[in-house]
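K.L.:
Below you'll find the structure I mean.
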Amino acid sequence: MDAKRNMAKEAQPREGETRQMEALGLESVIERAQGHDSEALGEIYHRYVRRVFGLCRYMLSSGEGAEDATSEVFLKLQRSIESYDGSIPFPRWLLRVAGSQCIDALRRQQRGLKVFVNVDDGAAVIEAASSEPSPLSAVISTQERAQVRDTIARLPENYRVPLVLRYYSELSYDEIAQELDLERNNVAALIFRAKQELRRRLSQRSK
Amino acid sequence: MECYSEQTCALAVDGELAADEARRLRDHLATCRRCRELLDALRAENRALSESLHELPAEAASPAGFSQLRRSWVWGDLAVLAAVLALGSIGSIWFDQLSIPAALEWFNPFSLSGRTNLLLSFLDNFARGGTAMLTNYAAVVGLLCLLLLLGGGALLLGQGRLRQPGLRLLIVLLALSLPSFALERRHSEFVTVAANETVDDTLVATGNAVRVEGVVNGDLLAFGQTVEVRGTVRGDLVSFAKRIVVSGTVEGHIYTCSQSLDLDGQLGHSIYGWVQSLRVDNRGRVGDGIVVGAGEVSLEGEVKRSVTIFTGNADVSGSIGRELTMAGGSLTLTNTARVGGNLSARVHQMKEVHIAEGATIAGKRDIQVQVRESQFTRPRFYFYQAVWLAAAMLLGWLGLVLVPGFFRAATEAVGSGWRSLGLGFGVLAGVPVAIVVAAITLVGIPLSLMLCASYLAAIYLAKIWVGAFLGRILLKPSGATKGDWLLGLLVGLLILTIVGFVPYLGGLVRLGMVCLGLGAFAWQLYRVSRPAMMT
């Protein structure tokens with residue numbers, strides 16, 4: 001994969017921005033930030049703070065905790081950005097860093113208890129295709145998206161976190177497994193069960 | 001061939017199926033309509049899920065981003081401070097340009113140090129039970145208390161909904177004025193809550209030194225030279241003191257007007273106040289934020305949320321969880337400083353900002369140099385002056401039409417010189433005391449508000465009578481028609497307005513004008529009411 005291209009992905013400067021740093025492409029901003037340019041680091045904060053906060057808000061139960069985690073992500077970024085090698089798009093890398101921060105926070109909240117447990121038997125969820133297509137798409141299309149987000153926010157952490165890492169941070173199953181310290185099969189099973197639970201809850205709400 | 005399971009199909013749409021199995025699935029799809037439909041549905045589901053999540057929760061969707069997330073409460077709190085300070089500045093504006101010798105500066109109630117000294121000396125006298133010099137200080141204290149009440153009240157009324165910190169402050173201040181409110185009052189040279197003692201009510205403590213080593217389950221309202229919290233206050237700490245030290249725990253907020261505040265203990269929420277020196281020691285921890293106006297600020301400990309300071313000099317070597325917003329003189333961030341959000345500073349010179357290499361700032365650095373442009377260069381200034389002049393003329397004309405005798409007589413009364421000046425000064429200083437005294441009782445609050453409104457109106461009207469008098473003696477009109485009176489008013493107001501902007505002299509002239517006008521007004525009121533009293 002072209003590392004430079006990845007760096008620049010999703011990095012188009014916003015229209016109407018006149019200030020120099022804001023007009024730079026993400027690639028240049030990252031290069032400068034890796035050289036500890038405070039303006040460049042500030043620019044990265046400006047561009048991504050909302051997305052990072054969004055992830056933290058989904059993953060953590062409190063707004064205050066999400067704000068703490070967001071601040072911590074960008075404080076640590078001052079050093080950790082040196083390790084970004086461009087092998088994956090920067091936003092995805094940043095969200096992965098943010099995901100790790102949130103998972104650490106969740107583990108601290110549980111005081112050492114294992115937050116993300118393996119499902120009882122990954123194979124047990126492999127089931128025959130139902131005769132009808134999955135109902136979730138129909139449910140989502142007819143309901144407010146806010147309701148979907150609200151329902152996701154109320155899912156147990158075991159389901160919510162892998163789901164958010166997959167569909168918000170767009171991490172692969174392997175990456176999620178690595179973050180959560182789980183087997184890949186178990187990540188697949190958790191995401192599958194999370195969607196089933198989401199469908200069930202949304203169906204109940206719509207009745 | 002048997003259909004694939006839903007989970008296998010889900011893996012396929014997530015792009016997580018092994019290559020050979022994905023190939024077999026594709027072959028199967030060519031012949032199986034049901035599996036094709038399932039895959040399409042799962043794709044749509046993923047898309048909907050992803051789109052729903054990317055819309056972000058409401059609090060993250062603010063266009064200005066994270067930095068705005070907690071702005072609402074910051075603005076609310078700032079409004080409390082601003083209202084208090086703005087109202088305070090109305091009273092002090094005439095004094096700003098006075099040239100007072102340094103040796104007498106302590107006596108100027110409208111300089112920061114002078115005000116604090118006066119206030120603290122008053123509290124000391126009050127605590128000792130003495131009344132000496134009380135009248136000298138009462139106006140200052142009364143005005144401050146009133147401004148706090150009015151500021152909080154205006155905020156609550158103006159916003160339409162109740163902001164928690166503002167509401168709390170108002171409740172606490174109102175609690176002071178309600179004799180029936182469940183308070184425990186302690187007054188002595190040294191007020192101490194011993195280490196093994198627990199006070200269950202709100203405690204009002206006045207004394208030379210107030211020390212809490214035990215537990216206060218309510219709020220602590222402490223007034224004295226020194227206030228020290230070594231134990232625990234479960235509510236808020238409201239304190240007017242020379243020196244405040246919190247080495248224990250305050251679980252609520254701190255509202256203060258003091259010379260120094262040292263925090264090396266734990267504070268559950270925020271600090272709001274006006275202090276000469278604020279220090280959060282490296283062991284100190286503020287659970288929420290800080291909103292203060294201060295001469296010196298030193299933050300060595302941890303502040304969980306945002307810091308908003310208006311200060312002459314700020315040193316930060318500790319940790320601030322969110323934003324740091326500063327306006328004032330100089331700002332220094334040492335190598336150990338951490339700011340978890342944006343840094344915004346408004347300073348007079350760029351060289352007054354020192355940010356060490358090792359300081360960590362998560363967000364943007366927005367440092368702006370504010371150049372003070374002379375107001376005389378702006379057309380807007382002249383426009384407003386013209387509007388003010390026109391408004392004063394209109395008011396003078398209305399007064400002359402509606403109550404001609406009173407207005408003319410008040411104008412004449414200005415001519416009595418020293419009598420008006422002395423009487424006016426007394427009214428200027430004395431009425432705030434009366435307002436506060438009236439406000440202390442619940443039934444007196446409407447009266448105090450009316451008195452306050454009349455007081456402010458009279459201060460405004462003062463310039464009309466003085467202006468009219470000045471114009472009359474300058475023009476020496478032969479007749480006494482309305483036109484003459486109004487012409488005199490115009491000339492007088494023009495002169496007063498122009499002279500009012502002369503450095504140093506202007507402030508003195510404005511003060512004299514207010515005293516003369518108030519004195520004439522008071523004298524005329526007295527004359528009008530005397531026959532009524534006699535009957």
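Naming scheme: A, B, ... for chains in displayed order of the structure tokens; residues 1 onward per chain; ligands 1 onward as shown.
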Identify, on the basis of only C-alpha atoms, every residue whose closest approach to Arg96 of chain A does not exceed 8 Å; exclude the query and any residue fewer than 3 positions from it along the same chain; express the result as a count of residues only.

P.N.:
6

K.L.:
Show me which bits of chain B are within 7 Å of chain A, counting only C-alpha atoms, as an MDAnalysis selection string.

P.N.:
chainID B and resid 3:7 37:38 41:42 44:45 48:50 52:54 56:57 60 65:66 321:322 340:341 360:365

K.L.:
Taking the DSSP secondary structure from the backbone, can you list the residues of segment 180-377 of chain B that are helix (DSSP H, G or I), as a PDB file with C-alpha atoms, in the first residue's frame?

P.N.:
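The result, written out as states_13.pdb:
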ATOM      1  CA  MET B 350       3.839  38.461  22.257  1.00  0.00           C
ATOM      2  CA  LYS B 351       7.006  38.488  24.347  1.00  0.00           C
ATOM      3  CA  GLU B 352       4.874  38.058  27.427  1.00  0.00           C
ATOM      4  CA  GLN B 375     -11.577  55.092  21.019  1.00  0.00           C
ATOM      5  CA  PHE B 376     -11.302  58.531  19.467  1.00  0.00           C
ATOM      6  CA  THR B 377     -10.230  57.080  16.137  1.00  0.00           C
TER       7      THR B 377
END

K.L.:
So which residues touch Cys515 of chain B within 8 Å, counting only C-alpha atoms, skipping near sequence neighbours fewer than 2 positions away, as a PyMOL selection string?

P.N.:
chain B and resi 420-425+428+462+511-513+517-519

K.L.:
Could you turn the residues from that selection into a file that holds C-alpha atoms, as a tab-separated table (two decimals), in the first residue's frame?

P.N.:
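That gives us out.tsv:
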chain	number	residue	atom	x	y	z
B	420	SER	CA	-24.94	69.96	46.78
B	421	LEU	CA	-21.49	68.45	46.52
B	422	GLY	CA	-21.45	67.21	50.12
B	423	LEU	CA	-25.02	66.04	50.07
B	424	GLY	CA	-24.43	64.29	46.75
B	425	PHE	CA	-21.37	62.49	48.04
B	428	LEU	CA	-23.69	58.35	46.50
B	462	ALA	CA	-27.37	64.23	37.59
B	511	LEU	CA	-17.38	62.45	39.96
B	512	GLY	CA	-18.05	66.06	40.84
B	513	MET	CA	-20.88	66.16	38.32
B	517	GLY	CA	-26.43	66.49	40.51
B	518	LEU	CA	-27.32	63.91	43.16
B	519	GLY	CA	-27.03	66.53	45.88

K.L.:
Take atom CA of Leu331 of chain B and atom CA of Gln259 of chain B and report the distance between them in Å, one decimal.

P.N.:
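One can read the atom CA of Leu331 of chain B to atom CA of Gln259 of chain B distance as 20.4 Å.
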
K.L.:
Could you please write out, as a PyMOL selection string, every residue of segment 219-315 of chain B that DSSP assigns to strand (DSSP E or B)?

P.N.:
chain B and resi 220-229+232-233+237-246+249-250+254-263+266-267+271-280+285-286+290-299+302-303+307-315
